[in-house]
>>> print(open('start23.csv').read())   # CSV, C-alpha atoms and all ligand atoms
chain,number,residue,atom,x,y,z
A,5,MET,CA,-14.9,-67.9,-23.9
A,6,THR,CA,-13.7,-67.5,-20.4
A,7,HIS,CA,-11.4,-64.7,-19.3
A,8,PRO,CA,-8.8,-65.1,-16.5
A,9,PRO,CA,-9.6,-63.1,-13.4
A,10,GLN,CA,-8.2,-59.6,-13.7
A,11,GLY,CA,-5.9,-58.5,-10.8
A,12,PRO,CA,-5.0,-55.0,-9.7
A,13,ILE,CA,-3.5,-52.8,-12.4
A,14,PRO,CA,-0.6,-50.5,-11.7
A,15,LEU,CA,-1.4,-46.8,-12.1
A,16,THR,CA,0.6,-43.6,-11.7
A,17,LEU,CA,-1.3,-40.5,-11.1
A,18,ALA,CA,-0.6,-37.0,-9.8
A,19,VAL,CA,-3.5,-36.0,-7.5
A,20,ASN,CA,-3.5,-32.4,-6.3
A,21,GLY,CA,0.2,-32.2,-7.1
A,22,ARG,CA,1.1,-35.4,-5.3
A,23,GLU,CA,2.6,-38.2,-7.4
A,24,LEU,CA,1.1,-41.5,-6.5
A,25,ALA,CA,1.9,-45.1,-7.6
A,26,LEU,CA,-1.1,-47.2,-7.0
A,27,HIS,CA,-2.7,-50.6,-7.9
A,28,VAL,CA,-6.4,-50.6,-8.6
A,29,ALA,CA,-8.9,-53.1,-9.8
A,30,PRO,CA,-9.7,-52.4,-13.4
A,31,TRP,CA,-13.4,-51.6,-12.7
A,32,THR,CA,-12.6,-48.9,-10.2
A,33,THR,CA,-14.0,-45.5,-11.2
A,34,LEU,CA,-11.9,-42.4,-10.7
A,35,LEU,CA,-14.6,-41.2,-8.3
A,36,ASP,CA,-14.3,-44.3,-6.1
A,37,LEU,CA,-10.5,-44.1,-6.3
A,38,LEU,CA,-10.6,-40.6,-5.0
A,39,ARG,CA,-13.2,-41.1,-2.3
A,40,LEU,CA,-12.6,-44.7,-1.1
A,41,HIS,CA,-8.9,-45.2,-1.7
A,42,LEU,CA,-7.5,-41.8,-1.3
A,43,ASP,CA,-10.0,-40.4,1.3
A,44,LEU,CA,-10.6,-37.3,-0.9
A,45,THR,CA,-14.3,-37.1,0.0
A,46,GLY,CA,-14.7,-33.5,-1.2
A,47,THR,CA,-15.7,-35.0,-4.6
A,48,LYS,CA,-19.3,-36.1,-4.2
A,49,LYS,CA,-21.2,-39.1,-5.6
A,50,GLY,CA,-24.7,-38.1,-6.6
A,51,CYS,CA,-26.2,-40.2,-9.4
A,52,ASP,CA,-23.1,-42.3,-10.3
A,53,HIS,CA,-24.4,-42.2,-13.9
A,54,GLY,CA,-23.1,-39.0,-15.4
A,55,GLN,CA,-26.2,-37.0,-14.9
A,56,CYS,CA,-25.7,-34.7,-11.9
A,57,GLY,CA,-22.1,-33.3,-12.1
A,58,ALA,CA,-21.5,-33.7,-8.3
A,59,CYS,CA,-18.4,-35.8,-9.1
A,60,THR,CA,-16.8,-33.2,-11.4
A,61,VAL,CA,-13.0,-33.0,-11.2
A,62,LEU,CA,-10.3,-31.7,-13.5
A,63,VAL,CA,-8.0,-34.1,-15.4
A,64,ASP,CA,-5.1,-32.3,-17.1
A,65,GLY,CA,-7.2,-29.2,-16.6
A,66,THR,CA,-10.3,-30.5,-18.3
A,67,ARG,CA,-13.5,-31.0,-16.4
A,68,ILE,CA,-14.9,-34.6,-16.4
A,69,ASN,CA,-17.4,-36.6,-14.5
A,70,ALA,CA,-15.3,-38.9,-12.3
A,71,CYS,CA,-18.1,-41.4,-12.0
A,72,LEU,CA,-17.9,-42.2,-15.7
A,73,ALA,CA,-14.1,-42.5,-15.9
A,74,LEU,CA,-12.2,-45.6,-15.0
A,75,ALA,CA,-9.2,-44.9,-12.8
A,76,VAL,CA,-6.8,-47.0,-15.0
A,77,MET,CA,-7.6,-44.7,-18.0
A,78,GLN,CA,-6.0,-41.8,-16.1
A,79,ASP,CA,-2.5,-43.3,-16.0
A,80,GLY,CA,0.1,-40.6,-16.2
A,81,LYS,CA,-2.4,-37.8,-15.9
A,82,SER,CA,-2.9,-35.0,-13.4
A,83,VAL,CA,-6.1,-34.9,-11.4
A,84,THR,CA,-7.3,-31.8,-9.4
A,85,THR,CA,-10.1,-32.1,-6.9
A,86,ILE,CA,-11.8,-29.5,-4.8
A,87,GLU,CA,-9.2,-30.2,-2.1
A,88,GLY,CA,-6.4,-29.1,-4.5
A,89,LEU,CA,-7.8,-25.7,-5.6
A,90,SER,CA,-6.7,-23.6,-2.6
A,91,ARG,CA,-3.1,-22.5,-2.0
A,92,GLY,CA,-2.6,-23.2,1.6
A,93,ASP,CA,-5.1,-21.0,3.5
A,94,GLU,CA,-5.8,-18.9,0.4
A,95,LEU,CA,-9.0,-20.0,-1.3
A,96,HIS,CA,-9.3,-20.3,-5.0
A,97,PRO,CA,-11.1,-17.1,-6.3
A,98,LEU,CA,-14.2,-19.3,-7.2
A,99,GLN,CA,-14.3,-20.8,-3.7
A,100,ALA,CA,-14.2,-17.3,-2.2
A,101,ALA,CA,-16.9,-16.1,-4.7
A,102,PHE,CA,-19.2,-18.9,-3.8
A,103,ILE,CA,-18.9,-18.0,-0.1
A,104,GLU,CA,-19.3,-14.3,-0.8
A,105,HIS,CA,-22.4,-14.8,-3.0
A,106,ASP,CA,-23.9,-17.5,-0.8
A,107,ALA,CA,-23.9,-19.8,-3.8
A,108,PHE,CA,-24.9,-23.0,-1.9
A,109,GLN,CA,-27.4,-24.3,0.6
A,110,CYS,CA,-26.7,-28.0,1.5
A,111,GLY,CA,-23.3,-27.8,-0.3
A,112,TYR,CA,-23.5,-31.3,-1.8
A,113,CYS,CA,-23.2,-30.1,-5.4
A,114,THR,CA,-20.7,-27.4,-4.6
A,115,PRO,CA,-17.3,-29.1,-5.1
A,116,GLY,CA,-18.6,-30.3,-8.5
A,117,GLN,CA,-19.9,-26.8,-9.3
A,118,ILE,CA,-16.6,-25.2,-8.5
A,119,CYS,CA,-14.4,-27.7,-10.3
A,120,SER,CA,-16.7,-27.4,-13.3
A,121,ALA,CA,-16.6,-23.6,-13.2
A,122,VAL,CA,-12.7,-23.8,-13.1
A,123,GLY,CA,-12.8,-25.9,-16.2
A,124,MET,CA,-15.5,-23.8,-17.9
A,125,LEU,CA,-13.5,-20.6,-17.4
A,126,ALA,CA,-10.4,-22.3,-18.7
A,127,GLU,CA,-12.3,-23.2,-21.9
A,128,GLY,CA,-12.9,-19.5,-22.4
A,129,HIS,CA,-16.2,-19.7,-24.3
A,130,ALA,CA,-18.5,-18.0,-21.8
A,131,GLU,CA,-19.2,-14.3,-22.1
A,132,GLY,CA,-22.2,-13.7,-19.8
A,133,PRO,CA,-24.8,-15.2,-17.5
A,134,ASP,CA,-26.6,-17.0,-20.3
A,135,ASP,CA,-23.4,-18.7,-21.3
A,136,ILE,CA,-22.6,-19.6,-17.7
A,137,ARG,CA,-26.1,-21.2,-17.3
A,138,GLU,CA,-25.7,-23.1,-20.6
A,139,GLN,CA,-22.1,-24.3,-20.0
A,140,MET,CA,-22.8,-25.2,-16.4
A,141,SER,CA,-25.9,-27.1,-17.2
A,142,GLY,CA,-24.3,-30.5,-16.5
A,143,ASN,CA,-24.1,-29.5,-12.8
A,144,ILE,CA,-27.4,-30.0,-11.0
A,145,CYS,CA,-28.2,-28.2,-7.8
A,146,ARG,CA,-31.2,-29.8,-6.0
A,147,CYS,CA,-31.3,-26.8,-3.6
A,148,GLY,CA,-31.8,-24.5,-6.6
A,149,ALA,CA,-29.0,-22.1,-5.7
A,150,TYR,CA,-28.5,-21.4,-9.4
A,151,PRO,CA,-28.9,-17.6,-9.4
A,152,ASN,CA,-26.1,-17.2,-6.8
A,153,ILE,CA,-23.9,-19.8,-8.5
A,154,VAL,CA,-24.2,-17.8,-11.8
A,155,ARG,CA,-23.4,-14.6,-9.9
A,156,ALA,CA,-20.4,-16.1,-8.2
A,157,ILE,CA,-18.9,-17.5,-11.4
A,158,GLY,CA,-19.8,-14.3,-13.3
A,159,GLU,CA,-17.8,-12.2,-10.8
A,160,VAL,CA,-14.7,-14.4,-11.3
A,161,MET,CA,-15.2,-14.4,-15.0
A,162,GLY,CA,-15.4,-10.6,-15.1
A,163,ALA,CA,-12.3,-10.3,-12.9
A,164,GLY,CA,-10.3,-12.5,-15.4
A,165,ARG,CA,-11.0,-10.3,-18.4
B,201,LIG,S1,-22.1,-38.7,-9.6
B,201,LIG,FE1,-21.1,-38.4,-11.5
B,201,LIG,S2,-22.5,-37.2,-12.7
B,201,LIG,FE2,-23.6,-37.7,-10.9
B,202,LIG,S1,-26.4,-26.5,-2.7
B,202,LIG,FE1,-27.6,-28.3,-2.2
B,202,LIG,S2,-27.6,-29.4,-4.1
B,202,LIG,FE2,-26.6,-27.5,-4.6
>>> encode(input="start23.csv", output="structure tokens")
Amino acid sequence: MTHPPQGPIPLTLAVNGRELALHVAPWTTLLDLLRLHLDLTGTKKGCDHGQCGACTVLVDGTRINACLALAVMQDGKSVTTIEGLSRGDELHPLQAAFIEHDAFQCGYCTPGQICSAVGMLAEGHAEGPDDIREQMSGNICRCGAYPNIVRAIGEVMGAGR
């Protein structure tokens, strides 16, 4: 059976609080939409296979791997990327904590780490460093900055209690 060629599909999306009406090819991932179409290059492409977490963003407040999600599946949803976490010049507490605790080296994994941590804290299941390590295990850091990442997240988690 042959299928007719599929043209661009209409999509409405709020990205970092901005309402967008777009047309995207049906095979476009959310990651490629953000990086290639919207120039939001803070979200990183590492493996492109759901294994590294570099592409983590928040969709309706839930953390997901943007490389595994088709853009058209996000119709009507709200996406937050690392660019949308600060309020003007005021950093999100996790961004500030990552700087304070020196929680990165090359920084490639950092946007995904921070977005994932925002989602993890919202889930509310972490109580200590072991939980943080377990629940952040989908975010790989090739530089091995894990001890400081856990400290940074732990500080914000403690402040929220
Ligand atoms: S780029 Fe998405 S998980 Fe690695
Ligand atoms: S800081 Fe380099 S990969 Fe994490």
>>> residues_around(input="start23.csv", residues="Ala29 in chain A", least_positions_apart="5", cutoff="10 Å", atoms="only C-alpha atoms", output="JSON list (two decimals) with C-alpha atoms, in the frame of the given file")
[["chain", "number", "residue", "atom", "x", "y", "z"],
["A", 10, "GLN", "CA", -8.20, -59.60, -13.70],
["A", 11, "GLY", "CA", -5.90, -58.50, -10.80],
["A", 12, "PRO", "CA", -5.00, -55.00, -9.70],
["A", 13, "ILE", "CA", -3.50, -52.80, -12.40],
["A", 14, "PRO", "CA", -0.60, -50.50, -11.70],
["A", 37, "LEU", "CA", -10.50, -44.10, -6.30],
["A", 74, "LEU", "CA", -12.20, -45.60, -15.00],
["A", 75, "ALA", "CA", -9.20, -44.90, -12.80],
["A", 76, "VAL", "CA", -6.80, -47.00, -15.00]]
>>> atom_distance(input="start23.csv", atom1="CA of Ala70 in chain A", atom2="atom FE1 of ligand LIG 201 (chain B)")
5.9 Å
>>> residues_near_ligand(input="start23.csv", ligand="ligand LIG 201 (chain B)", cutoff="8 Å", atoms="all atoms listed in the file", output="list in words")
Leu35, Lys48, Lys49, Gly50, Cys51, Asp52, His53, Gly54, Gln55, Cys56, Gly57, Ala58, Cys59, Thr60, Asn69, Ala70, Cys71, Leu72, Gly142 and Asn143 of chain A
>>> residues_near_ligand(input="start23.csv", ligand="ligand LIG 202 (chain B)", cutoff="9 Å", atoms="all atoms listed in the file", output="list in words")
Ala58, Ala107, Phe108, Gln109, Cys110, Gly111, Tyr112, Cys113, Thr114, Gln117, Asn143, Ile144, Cys145, Arg146, Cys147, Gly148, Ala149 and Tyr150 of chain A
>>> closest_residue(input="start23.csv", among="A:Ser120, A:Ser82, A:Thr16, A:Thr66", to="Gln99 in chain A", atoms="all atoms listed in the file")
A:Ser120
>>> closest_residue(input="start23.csv", among="A:Leu15, A:Ala121, A:Leu44, A:Ile103", to="Glu87 in chain A", atoms="all atoms listed in the file")
A:Leu44
>>> closest_residue(input="start23.csv", among="A:Thr32, A:Asn152, A:Asn20, A:Ser141", to="Phe102 in chain A", atoms="all atoms listed in the file")
A:Asn152
>>> atom_distance(input="start23.csv", atom1="CA of Ala25 in chain A", atom2="CA of Val122 in chain A")
26.4 Å
>>> closest_residue(input="start23.csv", among="A:His41, A:Lys81, A:Gly46, A:Ile68", to="Gly21 in chain A", atoms="only C-alpha atoms")
A:Lys81
>>> atom_distance(input="start23.csv", atom1="CA of Gly123 in chain A", atom2="CA of Ala101 in chain A")
15.7 Å
>>> closest_residue(input="start23.csv", among="A:Asp43, A:Asp64, A:Asp93, A:Glu159", to="Leu17 in chain A", atoms="all atoms listed in the file")
A:Asp64
>>> axis_aligned_box(input="start23.csv", around="range 49-56 of chain A", padding_each_side="4 Å", output="lines of an AutoDock Vina configuration file")
center_x = -23.7
center_y = -38.5
center_z = -10.5
size_x = 13.0
size_y = 15.6
size_z = 17.8
>>> closest_residue(input="start23.csv", among="A:Leu40, A:Ala100, A:Met161, A:Ala156", to="His129 in chain A", atoms="only C-alpha atoms")
A:Met161
